[in-house]
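Reproduced below: start.pdb, with PDB, C-alpha atoms.
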ATOM      1  CA  MET E   1       0.000   0.000   0.000
ATOM      2  CA  GLU E   2       1.373   3.383  -1.010
ATOM      3  CA  LEU E   3       0.703   6.853   0.387
ATOM      4  CA  ARG E   4      -0.452   8.078  -3.013
ATOM      5  CA  GLN E   5      -3.153   5.372  -3.042
ATOM      6  CA  LEU E   6      -4.377   6.576   0.331
ATOM      7  CA  ARG E   7      -4.404  10.174  -0.929
ATOM      8  CA  HIS E   8      -6.383   9.091  -3.970
ATOM      9  CA  PHE E   9      -8.895   7.142  -1.877
ATOM     10  CA  VAL E  10      -9.402   9.973   0.652
ATOM     11  CA  ALA E  11      -9.962  12.425  -2.212
ATOM     12  CA  VAL E  12     -12.611  10.154  -3.755
ATOM     13  CA  VAL E  13     -14.489   9.804  -0.450
ATOM     14  CA  ASP E  14     -14.241  13.543   0.271
ATOM     15  CA  MET E  15     -15.510  14.528  -3.180
ATOM     16  CA  GLY E  16     -17.983  11.662  -3.683
ATOM     17  CA  ASN E  17     -17.172  11.814  -7.375
ATOM     18  CA  LEU E  18     -14.290  10.315  -9.365
ATOM     19  CA  SER E  19     -13.876  13.145 -11.865
ATOM     20  CA  ARG E  20     -13.776  15.847  -9.172
ATOM     21  CA  ALA E  21     -11.415  13.722  -7.085
ATOM     22  CA  ALA E  22      -9.130  13.311 -10.097
ATOM     23  CA  GLU E  23      -8.967  17.091 -10.466
ATOM     24  CA  ARG E  24      -8.128  17.450  -6.768
ATOM     25  CA  VAL E  25      -5.153  15.049  -6.926
ATOM     26  CA  ALA E  26      -4.131  16.238 -10.417
ATOM     27  CA  ILE E  27      -4.306  12.934 -12.308
ATOM     28  CA  SER E  28      -6.603  11.602 -15.014
ATOM     29  CA  GLN E  29      -9.832   9.875 -14.049
ATOM     30  CA  PRO E  30      -8.770   6.515 -15.614
ATOM     31  CA  ALA E  31      -5.522   6.651 -13.607
ATOM     32  CA  LEU E  32      -7.454   7.385 -10.418
ATOM     33  CA  THR E  33      -9.867   4.538 -11.106
ATOM     34  CA  ARG E  34      -6.932   2.137 -11.603
ATOM     35  CA  SER E  35      -5.340   3.341  -8.356
ATOM     36  CA  ILE E  36      -8.527   2.654  -6.368
ATOM     37  CA  LYS E  37      -9.000  -0.714  -8.085
ATOM     38  CA  ASN E  38      -5.424  -1.721  -7.247
ATOM     39  CA  LEU E  39      -6.019  -0.738  -3.619
ATOM     40  CA  GLU E  40      -9.184  -2.845  -3.476
ATOM     41  CA  GLU E  41      -7.349  -5.840  -4.972
ATOM     42  CA  LEU E  42      -4.510  -5.408  -2.495
ATOM     43  CA  LEU E  43      -6.890  -5.372   0.481
ATOM     44  CA  GLY E  44      -9.291  -7.940  -0.932
ATOM     45  CA  VAL E  45     -12.410  -5.852  -0.246
ATOM     46  CA  GLU E  46     -14.626  -3.406  -2.087
ATOM     47  CA  LEU E  47     -14.020   0.093  -0.766
ATOM     48  CA  LEU E  48     -16.615   2.025  -2.765
ATOM     49  CA  ASP E  49     -20.253   1.687  -3.698
ATOM     50  CA  ARG E  50     -20.469   2.851  -7.320
ATOM     51  CA  LYS E  51     -23.694   4.715  -8.018
ATOM     52  CA  PRO E  52     -25.028   6.486 -11.125
ATOM     53  CA  ARG E  53     -24.341   9.925  -9.623
ATOM     54  CA  GLY E  54     -21.177   9.268  -7.682
ATOM     55  CA  VAL E  55     -19.555   6.984  -5.129
ATOM     56  CA  SER E  56     -19.729   6.435  -1.373
ATOM     57  CA  PRO E  57     -17.552   4.343   0.936
ATOM     58  CA  THR E  58     -18.556   0.835   1.941
ATOM     59  CA  GLU E  59     -18.265  -0.134   5.611
ATOM     60  CA  ALA E  60     -14.716  -1.354   4.932
ATOM     61  CA  GLY E  61     -14.032   1.801   2.941
ATOM     62  CA  LEU E  62     -15.171   4.010   5.811
ATOM     63  CA  ALA E  63     -12.815   2.217   8.192
ATOM     64  CA  LEU E  64      -9.922   2.684   5.742
ATOM     65  CA  TYR E  65     -10.869   6.350   5.262
ATOM     66  CA  HIS E  66     -10.507   7.129   8.977
ATOM     67  CA  HIS E  67      -7.177   5.281   9.239
ATOM     68  CA  ALA E  68      -5.915   6.904   6.040
ATOM     69  CA  GLN E  69      -6.648  10.364   7.440
ATOM     70  CA  VAL E  70      -4.555   9.587  10.515
ATOM     71  CA  VAL E  71      -1.655   8.337   8.380
ATOM     72  CA  LEU E  72      -1.763  11.230   5.916
ATOM     73  CA  ASN E  73      -2.064  13.864   8.646
ATOM     74  CA  ALA E  74       0.882  12.313  10.489
ATOM     75  CA  CYS E  75       2.983  12.327   7.305
ATOM     76  CA  GLN E  76       2.053  15.920   6.578
ATOM     77  CA  ARG E  77       2.965  16.968  10.113
ATOM     78  CA  LEU E  78       6.249  15.042   9.931
ATOM     79  CA  THR E  79       7.178  16.711   6.639
ATOM     80  CA  ARG E  80       6.347  20.136   8.044
ATOM     81  CA  GLU E  81       8.300  19.510  11.221
ATOM     82  CA  VAL E  82      11.415  18.305   9.388
ATOM     83  CA  ARG E  83      11.324  21.424   7.212
ATOM     84  CA  GLU E  84      10.965  23.568  10.328
ATOM     85  CA  PHE E  85      14.114  21.968  11.753
ATOM     86  CA  GLU E  86      15.992  23.012   8.617
ATOM     87  CA  ARG E  87      14.861  26.592   9.252
ATOM     88  CA  GLY E  88      16.140  26.385  12.830
ATOM     89  CA  VAL E  89      12.772  25.808  14.516
ATOM     90  CA  THR E  90      13.047  23.380  17.444
ATOM     91  CA  GLY E  91       9.785  21.504  16.853
ATOM     92  CA  MET E  92       6.109  22.121  16.232
ATOM     93  CA  VAL E  93       3.102  21.379  18.425
ATOM     94  CA  HIS E  94      -0.540  21.494  17.305
ATOM     95  CA  ILE E  95      -2.775  22.430  20.239
ATOM     96  CA  GLY E  96      -6.554  22.229  20.393
ATOM     97  CA  VAL E  97      -8.111  24.560  22.969
ATOM     98  CA  ALA E  98     -11.650  24.657  24.314
ATOM     99  CA  VAL E  99     -13.288  27.959  23.428
ATOM    100  CA  MET E 100     -13.645  28.935  27.096
ATOM    101  CA  PHE E 101      -9.845  28.813  27.484
ATOM    102  CA  SER E 102      -8.832  30.593  24.280
ATOM    103  CA  THR E 103      -7.704  33.714  26.111
ATOM    104  CA  ASP E 104      -7.386  33.244  29.869
ATOM    105  CA  ILE E 105      -4.838  30.433  29.980
ATOM    106  CA  THR E 106      -3.680  29.661  26.456
ATOM    107  CA  ALA E 107      -2.719  33.262  25.714
ATOM    108  CA  GLN E 108      -0.422  33.240  28.745
ATOM    109  CA  VAL E 109       1.047  29.880  27.738
ATOM    110  CA  ALA E 110       1.737  31.174  24.220
ATOM    111  CA  GLU E 111       3.411  34.352  25.506
ATOM    112  CA  ASN E 112       5.630  32.414  27.902
ATOM    113  CA  LEU E 113       6.646  29.869  25.271
ATOM    114  CA  ALA E 114       7.498  32.643  22.816
ATOM    115  CA  GLN E 115       9.836  34.192  25.379
ATOM    116  CA  GLN E 116      11.472  30.984  26.565
ATOM    117  CA  TYR E 117      11.581  29.010  23.290
ATOM    118  CA  PRO E 118      11.434  31.485  20.404
ATOM    119  CA  ARG E 119      12.183  28.753  17.862
ATOM    120  CA  LEU E 120       9.331  26.515  19.017
ATOM    121  CA  ALA E 121       6.427  26.604  16.553
ATOM    122  CA  VAL E 122       2.939  26.389  18.070
ATOM    123  CA  VAL E 123      -0.316  26.091  16.106
ATOM    124  CA  VAL E 124      -3.479  26.706  18.153
ATOM    125  CA  THR E 125      -7.022  25.787  17.100
ATOM    126  CA  ASP E 126      -9.968  26.710  19.308
ATOM    127  CA  ALA E 127     -13.225  24.766  19.129
ATOM    128  CA  PHE E 128     -15.684  22.939  21.329
ATOM    129  CA  PHE E 129     -14.776  19.586  22.853
ATOM    130  CA  GLU E 130     -16.470  17.266  20.371
ATOM    131  CA  ASP E 131     -14.713  18.858  17.395
ATOM    132  CA  LEU E 132     -11.360  18.860  19.205
ATOM    133  CA  MET E 133     -11.629  15.126  19.920
ATOM    134  CA  ARG E 134     -12.375  14.400  16.249
ATOM    135  CA  ARG E 135      -9.230  16.291  15.305
ATOM    136  CA  MET E 136      -7.222  14.417  17.933
ATOM    137  CA  HIS E 137      -8.436  11.048  16.701
ATOM    138  CA  ASP E 138      -7.502  11.717  13.087
ATOM    139  CA  GLY E 139      -4.058  13.038  14.014
ATOM    140  CA  ARG E 140      -4.483  16.764  13.361
ATOM    141  CA  LEU E 141      -3.798  17.690  17.012
ATOM    142  CA  ASP E 142      -0.961  16.769  19.364
ATOM    143  CA  LEU E 143      -2.792  17.735  22.539
ATOM    144  CA  ILE E 144      -6.007  19.281  23.799
ATOM    145  CA  PHE E 145      -6.547  21.719  26.654
ATOM    146  CA  SER E 146     -10.205  21.620  27.608
ATOM    147  CA  ASN E 147     -12.860  20.960  30.192
ATOM    148  CA  PHE E 148     -13.748  17.258  30.439
ATOM    149  CA  PRO E 149     -17.366  16.469  29.559
ATOM    150  CA  GLN E 150     -18.517  12.877  29.910
ATOM    151  CA  PHE E 151     -16.911  10.986  27.048
ATOM    152  CA  PRO E 152     -15.642   7.448  26.386
ATOM    153  CA  ALA E 153     -11.992   7.510  27.449
ATOM    154  CA  SER E 154      -9.575   5.840  25.045
ATOM    155  CA  ALA E 155      -6.655   3.734  26.248
ATOM    156  CA  ASP E 156      -4.549   5.590  23.656
ATOM    157  CA  PHE E 157      -4.867   8.919  25.474
ATOM    158  CA  VAL E 158      -3.510  10.415  28.679
ATOM    159  CA  ILE E 159      -6.076  12.542  30.558
ATOM    160  CA  GLU E 160      -4.376  14.930  32.976
ATOM    161  CA  PRO E 161      -6.651  17.099  35.164
ATOM    162  CA  LEU E 162      -5.114  20.468  36.075
ATOM    163  CA  LEU E 163      -7.943  22.588  37.455
ATOM    164  CA  LYS E 164     -11.676  22.774  38.160
ATOM    165  CA  VAL E 165     -14.077  24.938  36.194
ATOM    166  CA  ARG E 166     -16.976  26.413  38.172
ATOM    167  CA  SER E 167     -20.051  27.621  36.294
ATOM    168  CA  HIS E 168     -23.102  29.517  37.576
ATOM    169  CA  VAL E 169     -26.474  30.643  36.286
ATOM    170  CA  VAL E 170     -26.050  34.287  35.311
ATOM    171  CA  ALA E 171     -28.155  37.179  34.047
ATOM    172  CA  GLY E 172     -27.643  40.749  32.882
ATOM    173  CA  ARG E 173     -28.185  43.551  35.391
ATOM    174  CA  SER E 174     -31.533  44.517  33.774
ATOM    175  CA  HIS E 175     -32.961  40.989  33.751
ATOM    176  CA  PRO E 176     -36.036  40.617  36.040
ATOM    177  CA  LEU E 177     -34.415  37.805  38.043
ATOM    178  CA  ALA E 178     -31.241  39.823  38.665
ATOM    179  CA  LYS E 179     -33.106  41.947  41.211
ATOM    180  CA  ARG E 180     -34.428  38.980  43.195
ATOM    181  CA  ARG E 181     -32.888  38.028  46.544
ATOM    182  CA  GLU E 182     -33.841  34.397  46.094
ATOM    183  CA  VAL E 183     -34.393  32.326  42.957
ATOM    184  CA  THR E 184     -35.411  28.685  42.472
ATOM    185  CA  ARG E 185     -34.872  26.480  39.452
ATOM    186  CA  ALA E 186     -38.617  26.570  38.792
ATOM    187  CA  ASP E 187     -38.305  30.368  38.407
ATOM    188  CA  LEU E 188     -35.836  29.854  35.524
ATOM    189  CA  VAL E 189     -38.079  27.742  33.309
ATOM    190  CA  ASP E 190     -40.177  30.461  31.676
ATOM    191  CA  HIS E 191     -37.234  32.691  30.753
ATOM    192  CA  ARG E 192     -35.184  32.748  27.563
ATOM    193  CA  TRP E 193     -31.786  30.977  27.640
ATOM    194  CA  VAL E 194     -28.633  30.851  25.558
ATOM    195  CA  ILE E 195     -26.380  27.761  25.713
ATOM    196  CA  ALA E 196     -23.543  26.268  23.694
ATOM    197  CA  ASP E 197     -24.672  24.317  20.644
ATOM    198  CA  GLN E 198     -22.897  21.129  21.706
ATOM    199  CA  PRO E 199     -24.160  17.718  22.907
ATOM    200  CA  HIS E 200     -22.383  17.955  26.272
ATOM    201  CA  ALA E 201     -23.863  21.432  26.919
ATOM    202  CA  ALA E 202     -27.390  20.259  26.133
ATOM    203  CA  ASP E 203     -26.909  17.224  28.399
ATOM    204  CA  THR E 204     -25.677  19.389  31.307
ATOM    205  CA  PHE E 205     -28.588  21.785  30.768
ATOM    206  CA  GLU E 206     -31.211  19.019  30.881
ATOM    207  CA  LYS E 207     -29.671  17.338  33.939
ATOM    208  CA  TYR E 208     -29.457  20.635  35.840
ATOM    209  CA  PHE E 209     -33.248  20.966  35.835
ATOM    210  CA  ALA E 210     -34.002  17.232  36.114
ATOM    211  CA  THR E 211     -32.206  17.183  39.494
ATOM    212  CA  ASP E 212     -35.142  19.118  41.004
ATOM    213  CA  GLY E 213     -37.750  17.413  38.849
ATOM    214  CA  VAL E 214     -38.265  20.617  36.894
ATOM    215  CA  PRO E 215     -38.755  20.583  33.103
ATOM    216  CA  ALA E 216     -35.918  22.234  31.205
ATOM    217  CA  PRO E 217     -36.729  25.568  29.524
ATOM    218  CA  ARG E 218     -37.794  25.301  25.892
ATOM    219  CA  ASP E 219     -37.055  28.884  24.839
ATOM    220  CA  VAL E 220     -33.368  28.223  24.147
ATOM    221  CA  PHE E 221     -31.019  29.961  21.708
ATOM    222  CA  ARG E 222     -27.929  27.932  20.795
ATOM    223  CA  THR E 223     -24.584  29.217  19.571
ATOM    224  CA  ASN E 224     -20.935  28.190  19.504
ATOM    225  CA  SER E 225     -19.738  31.728  20.203
ATOM    226  CA  PHE E 226     -18.883  32.476  23.834
ATOM    227  CA  SER E 227     -18.653  36.189  23.068
ATOM    228  CA  LEU E 228     -22.195  36.126  21.665
ATOM    229  CA  MET E 229     -23.447  34.190  24.710
ATOM    230  CA  ARG E 230     -21.892  36.768  26.998
ATOM    231  CA  HIS E 231     -23.343  39.644  24.950
ATOM    232  CA  LEU E 232     -26.852  38.161  25.019
ATOM    233  CA  VAL E 233     -26.673  37.708  28.799
ATOM    234  CA  GLU E 234     -25.494  41.311  29.220
ATOM    235  CA  SER E 235     -28.487  42.474  27.159
ATOM    236  CA  GLY E 236     -30.753  41.432  30.037
ATOM    237  CA  ARG E 237     -32.934  39.230  27.827
ATOM    238  CA  PHE E 238     -31.203  35.860  28.306
ATOM    239  CA  LEU E 239     -30.046  33.574  31.098
ATOM    240  CA  SER E 240     -27.082  31.224  30.747
ATOM    241  CA  MET E 241     -24.677  28.932  32.592
ATOM    242  CA  LEU E 242     -21.207  30.378  32.155
ATOM    243  CA  PRO E 243     -17.814  29.643  33.751
ATOM    244  CA  GLU E 244     -16.617  32.090  36.406
ATOM    245  CA  HIS E 245     -13.463  33.037  34.531
ATOM    246  CA  VAL E 246     -15.358  33.764  31.295
ATOM    247  CA  VAL E 247     -17.541  36.455  32.913
ATOM    248  CA  ARG E 248     -15.230  37.602  35.722
ATOM    249  CA  ALA E 249     -14.774  41.140  34.347
ATOM    250  CA  GLN E 250     -18.505  41.595  33.684
ATOM    251  CA  VAL E 251     -19.405  40.339  37.180
ATOM    252  CA  LEU E 252     -16.933  42.757  38.760
ATOM    253  CA  SER E 253     -18.414  45.640  36.760
ATOM    254  CA  GLY E 254     -21.970  44.598  37.646
ATOM    255  CA  ASP E 255     -23.039  44.097  34.025
ATOM    256  CA  ILE E 256     -23.584  40.387  34.694
ATOM    257  CA  ARG E 257     -24.873  38.976  37.968
ATOM    258  CA  ARG E 258     -24.801  35.500  39.432
ATOM    259  CA  LEU E 259     -28.344  34.538  40.410
ATOM    260  CA  PRO E 260     -28.937  33.660  44.097
ATOM    261  CA  LEU E 261     -29.719  29.978  43.544
ATOM    262  CA  ALA E 262     -29.096  27.296  46.146
ATOM    263  CA  GLY E 263     -26.674  24.645  44.878
ATOM    264  CA  ASP E 264     -26.283  26.197  41.449
ATOM    265  CA  VAL E 265     -22.552  25.573  41.058
ATOM    266  CA  ILE E 266     -21.672  23.244  38.195
ATOM    267  CA  GLU E 267     -18.118  22.016  38.676
ATOM    268  CA  ARG E 268     -16.080  20.134  36.084
ATOM    269  CA  GLN E 269     -12.470  19.176  35.711
ATOM    270  CA  ALA E 270     -10.299  20.591  32.960
ATOM    271  CA  GLY E 271      -6.798  19.891  31.769
ATOM    272  CA  LEU E 272      -4.741  18.147  29.100
ATOM    273  CA  ILE E 273      -5.451  15.256  26.747
ATOM    274  CA  TYR E 274      -2.655  13.796  24.610
ATOM    275  CA  ARG E 275      -1.543  10.515  23.104
ATOM    276  CA  LYS E 276       0.541   8.127  25.163
ATOM    277  CA  GLY E 277       4.177   8.485  24.158
ATOM    278  CA  ALA E 278       3.688  11.978  22.737
ATOM    279  CA  ALA E 279       5.152  13.589  25.866
ATOM    280  CA  ALA E 280       8.568  12.152  25.003
ATOM    281  CA  ARG E 281       9.059  14.818  22.330
ATOM    282  CA  PRO E 282      11.043  17.795  23.680
ATOM    283  CA  ALA E 283       8.660  20.291  22.072
ATOM    284  CA  MET E 284       5.697  18.623  23.765
ATOM    285  CA  GLN E 285       7.517  18.599  27.098
ATOM    286  CA  HIS E 286       7.933  22.386  26.916
ATOM    287  CA  VAL E 287       4.250  22.933  26.106
ATOM    288  CA  LEU E 288       2.961  20.518  28.752
ATOM    289  CA  ALA E 289       5.209  22.017  31.434
ATOM    290  CA  GLU E 290       4.038  25.540  30.624
ATOM    291  CA  TYR E 291       0.355  24.570  30.733
ATOM    292  CA  ARG E 292       0.920  22.955  34.135
ATOM    293  CA  ARG E 293       2.689  26.053  35.452
ATOM    294  CA  VAL E 294       0.099  28.531  34.162
ATOM    295  CA  CYS E 295      -2.797  26.388  35.417
ATOM    296  CA  ASP E 296      -1.209  26.137  38.847
ATOM    297  CA  GLN E 297      -0.969  29.944  38.971
ATOM    298  CA  PHE E 298      -4.563  30.245  37.705
ATOM    299  CA  VAL E 299      -5.816  28.001  40.521
ATOM    300  CA  LYS E 300      -3.906  29.998  43.163
ATOM    301  CA  GLU E 301      -5.260  33.318  41.892
ATOM    302  CA  SER E 302      -8.812  31.954  41.706
ATOM    303  CA  SER E 303      -8.662  30.643  45.278
ATOM    304  CA  THR E 304      -7.541  34.036  46.592
ATOM    305  CA  GLY E 305     -10.123  35.925  44.552
ATOM    306  CA  SER E 306      -7.534  37.965  42.628
TER     307      SER E 306
END
Please lay out the structure from this file as structure tokens.
Amino acid sequence: MELRQLRHFVAVVDMGNLSRAAERVAISQPALTRSIKNLEELLGVELLDRKPRGVSPTEAGLALYHHAQVVLNACQRLTREVREFERGVTGMVHIGVAVMFSTDITAQVAENLAQQYPRLAVVVTDAFFEDLMRRMHDGRLDLIFSNFPQFPASADFVIEPLLKVRSHVVAGRSHPLAKRREVTRADLVDHRWVIADQPHAADTFEKYFATDGVPAPRDVFRTNSFSLMRHLVESGRFLSMLPEHVVRAQVLSGDIRRLPLAGDVIERQAGLIYRKGAAARPAMQHVLAEYRRVCDQFVKESSTGS
């Protein structure tokens, strides 16, 4: 099996059409067809369902597609890293960061690394957890810094908790509930909410109300933008569950207020996820050590209220 065959196959699955795939990999359609046929003969299975208007992967083809992505991404990263060494760069690390940590912690880590290891190349992608894990599985990321929703842990990954994330129900200063001295979960149901458009966020939202036997609100706006969530809460028209560090400045200014709910704190662990063996790379060691140091400082400052 050759890398070019894997590239050809991935292109066909991505495009769903042999002629468009041939254009993408810059070969003729007959040559691409032969390449896929040779791959099928080598593996002894059919990889594609041929249809009048295109092609789609068989079950075996889908399995090969996912493995091929991992292999091709690893080769691409290896090529890039070797070229960086020639330019004097001492390694490259691809980091996936949960949106809630894009500024508070990762910005500090990036600044510190730039000062201490100016020839270390760092590529940062921010997204929500589910998307980050997909990128980790197919080899596009070296490590993830995120909160830890409930997810099936893989034996291939190291999960290293570094801090706890505390979230509260919050409202803008002009919201009717912001003026109340006492609020119950039942009081929250008839108000408009904004939450992250992610499975783990929806699950947390439903469970929060189910704990008291209260139906979850149905007037819910969903978005994957934390800045938009914060803006909508500040408007006084929406409620939300947001991490303390994400709204710290707005709470201090009074623009956002934590509602006086009994037992409203939602606490989750957060930290690093990376492949076993990946920490042996010097570049990874630098990044991991800096995340640990910055998180330790973050925890100390949070505990003292500074």
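The coordinates place atom CA of Val70 of chain E at 4.5 Å from atom CA of Asp138 of chain E.
Comparing E:Glu111, E:Asp104, E:Glu244, E:Asp219 by their smallest distance to Val165 of chain E, the closest is E:Glu244 (using only C-alpha atoms).
Proximity to Phe238 of chain E was assessed for E:His191, E:Arg173, E:Lys276, E:Arg185 counting only C-alpha atoms; the smallest distance is recorded for E:His191.
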Original post:
Hey, what's within 12 Å of Val97 of chain E if we count only C-alpha atoms and toss same-chain stuff fewer than 5 positions away? As a VMD selection string, please?
Top reply: chain E and resid 102 to 107 109 to 110 123 to 133 135 to 136 141 to 148 270 to 273 291
Give me a file of those residues, with C-alpha atoms, as a CSV table (one decimal), in the frame of the given file.
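This went into selection.csv:
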chain,number,residue,atom,x,y,z
E,102,SER,CA,-8.8,30.6,24.3
E,103,THR,CA,-7.7,33.7,26.1
E,104,ASP,CA,-7.4,33.2,29.9
E,105,ILE,CA,-4.8,30.4,30.0
E,106,THR,CA,-3.7,29.7,26.5
E,107,ALA,CA,-2.7,33.3,25.7
E,109,VAL,CA,1.0,29.9,27.7
E,110,ALA,CA,1.7,31.2,24.2
E,123,VAL,CA,-0.3,26.1,16.1
E,124,VAL,CA,-3.5,26.7,18.2
E,125,THR,CA,-7.0,25.8,17.1
E,126,ASP,CA,-10.0,26.7,19.3
E,127,ALA,CA,-13.2,24.8,19.1
E,128,PHE,CA,-15.7,22.9,21.3
E,129,PHE,CA,-14.8,19.6,22.9
E,130,GLU,CA,-16.5,17.3,20.4
E,131,ASP,CA,-14.7,18.9,17.4
E,132,LEU,CA,-11.4,18.9,19.2
E,133,MET,CA,-11.6,15.1,19.9
E,135,ARG,CA,-9.2,16.3,15.3
E,136,MET,CA,-7.2,14.4,17.9
E,141,LEU,CA,-3.8,17.7,17.0
E,142,ASP,CA,-1.0,16.8,19.4
E,143,LEU,CA,-2.8,17.7,22.5
E,144,ILE,CA,-6.0,19.3,23.8
E,145,PHE,CA,-6.5,21.7,26.7
E,146,SER,CA,-10.2,21.6,27.6
E,147,ASN,CA,-12.9,21.0,30.2
E,148,PHE,CA,-13.7,17.3,30.4
E,270,ALA,CA,-10.3,20.6,33.0
E,271,GLY,CA,-6.8,19.9,31.8
E,272,LEU,CA,-4.7,18.1,29.1
E,273,ILE,CA,-5.5,15.3,26.7
E,291,TYR,CA,0.4,24.6,30.7
**OP:** Excluding Val233 of chain E and residues on its chain fewer than 6 positions from it, collect all residues at most 12 Å away from it, counting all atoms listed in the file, and give them as a list in words.
**Re:** Val169, Val170, Ala171, Gly172, Arg173, Ser174, His175, Ala178, His191, Arg192, Trp193, Val194, Ile195, Phe221, Phe226, Ser227, Leu239, Ser240, Met241, Leu242, Val247, Gln250, Val251, Asp255, Ile256, Arg257 and Arg258 of chain E
Since we have the selection now, will you write its residues out, keeping C-alpha atoms, as a PDB file, in the frame of the given file?
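result_15.pdb written:
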ATOM      1  CA  VAL E 169     -26.474  30.643  36.286  1.00  0.00           C
ATOM      2  CA  VAL E 170     -26.050  34.287  35.311  1.00  0.00           C
ATOM      3  CA  ALA E 171     -28.155  37.179  34.047  1.00  0.00           C
ATOM      4  CA  GLY E 172     -27.643  40.749  32.882  1.00  0.00           C
ATOM      5  CA  ARG E 173     -28.185  43.551  35.391  1.00  0.00           C
ATOM      6  CA  SER E 174     -31.533  44.517  33.774  1.00  0.00           C
ATOM      7  CA  HIS E 175     -32.961  40.989  33.751  1.00  0.00           C
ATOM      8  CA  ALA E 178     -31.241  39.823  38.665  1.00  0.00           C
ATOM      9  CA  HIS E 191     -37.234  32.691  30.753  1.00  0.00           C
ATOM     10  CA  ARG E 192     -35.184  32.748  27.563  1.00  0.00           C
ATOM     11  CA  TRP E 193     -31.786  30.977  27.640  1.00  0.00           C
ATOM     12  CA  VAL E 194     -28.633  30.851  25.558  1.00  0.00           C
ATOM     13  CA  ILE E 195     -26.380  27.761  25.713  1.00  0.00           C
ATOM     14  CA  PHE E 221     -31.019  29.961  21.708  1.00  0.00           C
ATOM     15  CA  PHE E 226     -18.883  32.476  23.834  1.00  0.00           C
ATOM     16  CA  SER E 227     -18.653  36.189  23.068  1.00  0.00           C
ATOM     17  CA  LEU E 239     -30.046  33.574  31.098  1.00  0.00           C
ATOM     18  CA  SER E 240     -27.082  31.224  30.747  1.00  0.00           C
ATOM     19  CA  MET E 241     -24.677  28.932  32.592  1.00  0.00           C
ATOM     20  CA  LEU E 242     -21.207  30.378  32.155  1.00  0.00           C
ATOM     21  CA  VAL E 247     -17.541  36.455  32.913  1.00  0.00           C
ATOM     22  CA  GLN E 250     -18.505  41.595  33.684  1.00  0.00           C
ATOM     23  CA  VAL E 251     -19.405  40.339  37.180  1.00  0.00           C
ATOM     24  CA  ASP E 255     -23.039  44.097  34.025  1.00  0.00           C
ATOM     25  CA  ILE E 256     -23.584  40.387  34.694  1.00  0.00           C
ATOM     26  CA  ARG E 257     -24.873  38.976  37.968  1.00  0.00           C
ATOM     27  CA  ARG E 258     -24.801  35.500  39.432  1.00  0.00           C
TER      28      ARG E 258
END
Subject >> Nearest to Leu42 of chain E, chosen from E:Cys295, E:Leu252, E:Leu18, E:Met1, with only C-alpha atoms counted in the distances >> reply: E:Met1
**OP:** Find the residues around segment 74-79 of chain E up to 12 Å (only C-alpha atoms counted), leave out those fewer than 5 positions away in its own chain, and share them as a list in words.
**Re:** Leu3, Arg4, Leu6, Arg7, His67, Ala68, Gln69, Glu84, Phe85, Glu86, Gly91, Met92, Val93, His94, Val123, Arg135, Met136, His137, Asp138, Gly139, Arg140, Leu141 and Asp142 of chain E
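For the pair atom CA of Pro243 of chain E and atom CA of Val265 of chain E, the interatomic distance is 9.6 Å.
Nearest residue to Ala63 of chain E, choosing from E:Val45, E:Val158, E:Val246, E:Val214 and counting only C-alpha atoms: E:Val45.
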Original post:
Can you list what the PyMOL selection byres ((chain E and resi 156) around 6) grabs from this structure, as an MDAnalysis selection string?
Top reply: chainID E and resid 154:155 157 275:276
